[in-house]
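J.: Before anything else, here's the structure in question.
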Amino acid sequence: MDELTILNDQLKRMRGMNKFYHLQFLNDVRFFLLLTSMFLIISQYNIKIAYLLPPVSLFGSVMLAFHAYYLIFSRHYSEYIERKINKILKNDLIVTHKLENRYFFPINDKKIVVAKLGKDFSWFSFVTLFITLYGILVYSYGMYIVYNELLNSLYVFTVLIITFSTLCIGYWWFVKNIGEKRLREVYGE
């Protein structure tokens with residue numbers, strides 16, 4: 001089997017992975033939107049449902065970040081393969097990675113998970129931040145109700161510890177680009 005065939009097979013695999021995790025991400029967004037909306041409505045009739053809002057919001061954000069984790073991986077690897085194919089062909093024939101970098105977000109730049117701020121801000125970045133803000137609002141509303149109406153400070157303290165740990169690890173992995181640095185170590189950039 002020649003090198004181009006092997007690279008093309010790997011590229012197909014990565015593009016398939018990218019498609020799968022995009023679909024998973026969108027399905028989970030819909031699911032968590034429906035679930036949190038139902039809990040918000042039910043909490044108007046049974047305030048104890050508010051206990052579910054913070055953990056569901058936190059779990060949803062972790063799941064969405066998990067899908068983003070795979071999307072970032074597949075984008076990086078796809079770009080690496082496309083560049084390698086172009087180098088072998090001595091032609092800029094495959095440009096998908098360039099389109100993605102310009103239209104969605106530059107994969108190699110610093111970003112908040114998949115939201116690029118500044119001059120490369122895009123609709124993709126806006127939607128990412130919008131979904132994040134929705135989750136923060138639902139989480140905050142639930143925490144407010146549990147603390148002020150249900151007077152359960154132990155619950156609030158426990159959820160805040162879990163949230164703080166999650167944010168620290170998310171910051172370490174995504175904002176400090178630890179995962180992406182590990183990828184670059186493997187493919188030598």
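Every chain in the structure tokens has a letter given in the order shown (A, B, ...), and although residue numbers restart at 1 in each chain, ligands are simply numbered from 1 in the order shown.
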For Pro55 of chain A, please output as an MDAnalysis selection string all residues within 9 Å (counting only C-alpha atoms; exclusion window: fewer than 4 positions along the same chain).
T.: chainID A and resid 51 59:60 139 159 163
J.: Write down as an MDAnalysis selection string the residues of segment 4-124 of chain A whose backbone DSSP state falls under alpha helix (DSSP H).
T.: chainID A and resid 4:43 53:89 96:103 123:124
J.: I'd like the neighbourhood of segment 74-83 of chain A as a VMD selection string, where a residue qualifies if any of its atoms comes within 7 Å (using only C-alpha atoms), though same-chain residues fewer than 3 positions away should be ignored.
T.: chain A and resid 7 11 14 to 15 17 to 18 70 to 71 86 to 87 94 97 107
J.: Would you mind exporting N, CA, C and O atoms of the selected residues as a compact mmCIF listing (two decimals), in the first residue's frame?
T.:
```
# COMPACT_ATOMS: atom_id res chain seq x y z
N LEU A 7 -2.52 7.62 3.95
CA LEU A 7 -2.91 8.94 4.44
C LEU A 7 -4.37 9.24 4.14
O LEU A 7 -5.10 9.78 4.98
N LEU A 11 -7.30 10.06 6.74
CA LEU A 11 -8.08 11.30 6.62
C LEU A 11 -9.58 10.99 6.61
O LEU A 11 -10.35 11.68 7.29
N MET A 14 -10.60 10.30 10.17
CA MET A 14 -10.68 11.51 11.00
C MET A 14 -11.88 12.36 10.62
O MET A 14 -12.55 12.93 11.48
N ARG A 15 -12.19 12.47 9.34
CA ARG A 15 -13.36 13.23 8.92
C ARG A 15 -14.65 12.55 9.39
O ARG A 15 -15.61 13.21 9.77
N MET A 17 -14.82 10.76 12.14
CA MET A 17 -14.83 11.04 13.58
C MET A 17 -15.35 12.45 13.85
O MET A 17 -16.15 12.68 14.76
N ASN A 18 -14.92 13.39 13.03
CA ASN A 18 -15.36 14.77 13.16
C ASN A 18 -16.88 14.86 12.98
O ASN A 18 -17.57 15.51 13.77
N TYR A 70 -12.84 15.82 21.23
CA TYR A 70 -12.64 14.97 20.06
C TYR A 70 -12.67 15.75 18.76
O TYR A 70 -11.95 15.43 17.81
N LEU A 71 -13.49 16.80 18.70
CA LEU A 71 -13.52 17.64 17.50
C LEU A 71 -12.18 18.32 17.29
O LEU A 71 -11.66 18.38 16.16
N ASN A 86 -0.70 17.29 0.70
CA ASN A 86 -0.36 18.41 -0.18
C ASN A 86 1.15 18.48 -0.42
O ASN A 86 1.59 18.79 -1.54
N LYS A 87 1.92 18.21 0.61
CA LYS A 87 3.39 18.24 0.48
C LYS A 87 3.87 17.13 -0.47
O LYS A 87 4.72 17.37 -1.33
N ILE A 94 -5.73 19.95 -1.27
CA ILE A 94 -6.72 19.78 -0.20
C ILE A 94 -6.69 21.03 0.68
O ILE A 94 -5.68 21.34 1.31
N HIS A 97 -8.83 22.11 5.66
CA HIS A 97 -8.32 22.65 6.92
C HIS A 97 -8.20 24.17 6.88
O HIS A 97 -8.44 24.85 7.88
N ILE A 107 -7.55 26.50 14.42
CA ILE A 107 -7.31 25.38 15.33
C ILE A 107 -6.05 25.56 16.17
O ILE A 107 -6.00 25.11 17.31
```
J.: Once you count only C-alpha atoms, what closest atom pair and distance in Å to one decimal does each residue of segment 27-60 of chain A within 12 Å of segment 151-157 of chain A have, with rows by chain and rising residue number, as a Markdown table?
T.:
```
| residue | atom | partner | partner_atom | distance |
| --- | --- | --- | --- | --- |
| A:Ile47 | CA | A:Leu151 | CA | 11.9 |
| A:Lys48 | CA | A:Asn152 | CA | 10.9 |
| A:Ala50 | CA | A:Asn152 | CA | 11.4 |
| A:Tyr51 | CA | A:Tyr155 | CA | 8.5 |
| A:Leu52 | CA | A:Tyr155 | CA | 11.1 |
| A:Leu53 | CA | A:Val156 | CA | 11.8 |
| A:Pro54 | CA | A:Val156 | CA | 9.2 |
| A:Pro55 | CA | A:Val156 | CA | 10.7 |
```
J.: Contacts between segment 125-133 of chain A and segment 49-99 of chain A, please, where a residue of segment 49-99 of chain A counts if it comes within 12 Å (with only C-alpha atoms); show its shortest atom pair and distance in Å to one decimal, rows by chain and ascending number, as a Markdown table.
T.:
```
| residue | atom | partner | partner_atom | distance |
| --- | --- | --- | --- | --- |
| A:Ser57 | CA | A:Thr132 | CA | 9.6 |
| A:Leu58 | CA | A:Thr132 | CA | 10.3 |
| A:Gly60 | CA | A:Thr132 | CA | 9.9 |
| A:Ser61 | CA | A:Thr132 | CA | 7.4 |
| A:Val62 | CA | A:Thr132 | CA | 10.8 |
| A:Leu64 | CA | A:Thr132 | CA | 9.6 |
| A:Ala65 | CA | A:Thr132 | CA | 10.2 |
| A:Ala68 | CA | A:Thr128 | CA | 10.2 |
```
J.: Enter the distance from atom CA of Val56 of chain A to atom CA of Phe32 of chain A, in Å, rounded to one decimal.
T.: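 So the answer is 7.8 Å.
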J.: Have a look at A:Phe20, A:Tyr69, A:Phe39, A:Tyr141 and name the one nearest to Gly170 of chain A; count only C-alpha atoms.
T.: A:Tyr69
J.: Env of Lys111 of chain A: 10 Å cut, atoms = only C-alpha atoms, seq-sep filter 5 positions within chain, self excluded. Answer as a PDB file with N, CA, C and O atoms, in the first residue's frame.
T.:
```
ATOM      1  N   PHE A 105     -12.920  28.398  13.330  1.00  0.00           N
ATOM      2  CA  PHE A 105     -11.950  28.983  14.254  1.00  0.00           C
ATOM      3  C   PHE A 105     -10.577  28.419  13.912  1.00  0.00           C
ATOM      4  O   PHE A 105     -10.463  27.281  13.488  1.00  0.00           O
ATOM      5  N   PRO A 106      -9.529  29.229  14.090  1.00  0.00           N
ATOM      6  CA  PRO A 106      -8.176  28.739  13.818  1.00  0.00           C
ATOM      7  C   PRO A 106      -7.791  27.693  14.866  1.00  0.00           C
ATOM      8  O   PRO A 106      -7.744  27.993  16.050  1.00  0.00           O
ATOM      9  N   LYS A 116     -13.102  31.326  19.601  1.00  0.00           N
ATOM     10  CA  LYS A 116     -11.985  32.240  19.381  1.00  0.00           C
ATOM     11  C   LYS A 116     -12.479  33.659  19.577  1.00  0.00           C
ATOM     12  O   LYS A 116     -13.467  34.068  18.984  1.00  0.00           O
ATOM     13  N   LEU A 117     -11.797  34.395  20.415  1.00  0.00           N
ATOM     14  CA  LEU A 117     -12.131  35.796  20.636  1.00  0.00           C
ATOM     15  C   LEU A 117     -11.222  36.666  19.774  1.00  0.00           C
ATOM     16  O   LEU A 117     -10.218  36.206  19.250  1.00  0.00           O
ATOM     17  N   GLY A 118     -11.568  37.924  19.600  1.00  0.00           N
ATOM     18  CA  GLY A 118     -10.740  38.843  18.828  1.00  0.00           C
ATOM     19  C   GLY A 118     -11.141  38.895  17.372  1.00  0.00           C
ATOM     20  O   GLY A 118     -12.290  38.659  17.003  1.00  0.00           O
ATOM     21  N   PHE A 121     -13.154  36.073  15.724  1.00  0.00           N
ATOM     22  CA  PHE A 121     -14.448  35.717  16.304  1.00  0.00           C
ATOM     23  C   PHE A 121     -15.408  35.383  15.167  1.00  0.00           C
ATOM     24  O   PHE A 121     -15.408  36.046  14.127  1.00  0.00           O
ATOM     25  N   SER A 125     -18.027  30.756  17.249  1.00  0.00           N
ATOM     26  CA  SER A 125     -17.621  31.219  18.582  1.00  0.00           C
ATOM     27  C   SER A 125     -18.822  31.747  19.351  1.00  0.00           C
ATOM     28  O   SER A 125     -18.991  31.469  20.546  1.00  0.00           O
ATOM     29  N   PHE A 174      -7.934  22.926  28.166  1.00  0.00           N
ATOM     30  CA  PHE A 174      -8.363  23.671  26.985  1.00  0.00           C
ATOM     31  C   PHE A 174      -7.685  25.035  26.846  1.00  0.00           C
ATOM     32  O   PHE A 174      -7.159  25.357  25.794  1.00  0.00           O
ATOM     33  N   VAL A 175      -7.717  25.845  27.874  1.00  0.00           N
ATOM     34  CA  VAL A 175      -7.207  27.211  27.749  1.00  0.00           C
ATOM     35  C   VAL A 175      -5.675  27.224  27.704  1.00  0.00           C
ATOM     36  O   VAL A 175      -5.087  27.970  26.923  1.00  0.00           O
ATOM     37  N   LYS A 176      -5.056  26.394  28.499  1.00  0.00           N
ATOM     38  CA  LYS A 176      -3.589  26.308  28.454  1.00  0.00           C
ATOM     39  C   LYS A 176      -3.101  25.441  27.289  1.00  0.00           C
ATOM     40  O   LYS A 176      -1.909  25.288  27.085  1.00  0.00           O
ATOM     41  N   ASN A 177      -4.038  24.855  26.562  1.00  0.00           N
ATOM     42  CA  ASN A 177      -3.741  24.058  25.355  1.00  0.00           C
ATOM     43  C   ASN A 177      -2.855  22.835  25.617  1.00  0.00           C
ATOM     44  O   ASN A 177      -2.052  22.449  24.770  1.00  0.00           O
TER      45      ASN A 177
END
```
J.: Nearest residue to Asn46 of chain A out of A:Lys19, A:Leu160, A:Phe31, A:Glu149, using only C-alpha atoms?
T.: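 Of the candidates, the smallest distance to Asn46 of chain A is held by A:Glu149.
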J.: Which one of A:Arg102, A:Ile88, A:Ile41, A:Tyr134 sits closest to Thr5 of chain A if you count only C-alpha atoms?
T.: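 The shortest atom-to-atom distance to Thr5 of chain A comes from A:Ile88.
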J.: Quick one: everything within 9 Å of Tyr103 of chain A, counting only C-alpha atoms, minus sequence neighbours fewer than 3 positions away in the same chain. Send it as JSON, numbers by chain.
T.: {"A": [98, 99, 100, 106, 120, 122, 123, 124]}
J.: Give the answer as one residue: which of A:Leu33, A:Ile49, A:Leu183, A:Leu4 has the shortest atom-to-atom distance to Leu89 of chain A, using only C-alpha atoms?
T.: A:Leu4
J.: Nearest to Glu3 of chain A among A:Met63, A:Ile178, A:Val138, A:Ile85, with distances taken over only C-alpha atoms: which residue is it?
T.: A:Ile85
J.: How many Å lie between atom CA of Met38 of chain A and atom CA of Leu23 of chain A, rounded to one decimal?
T.: 22.5 Å
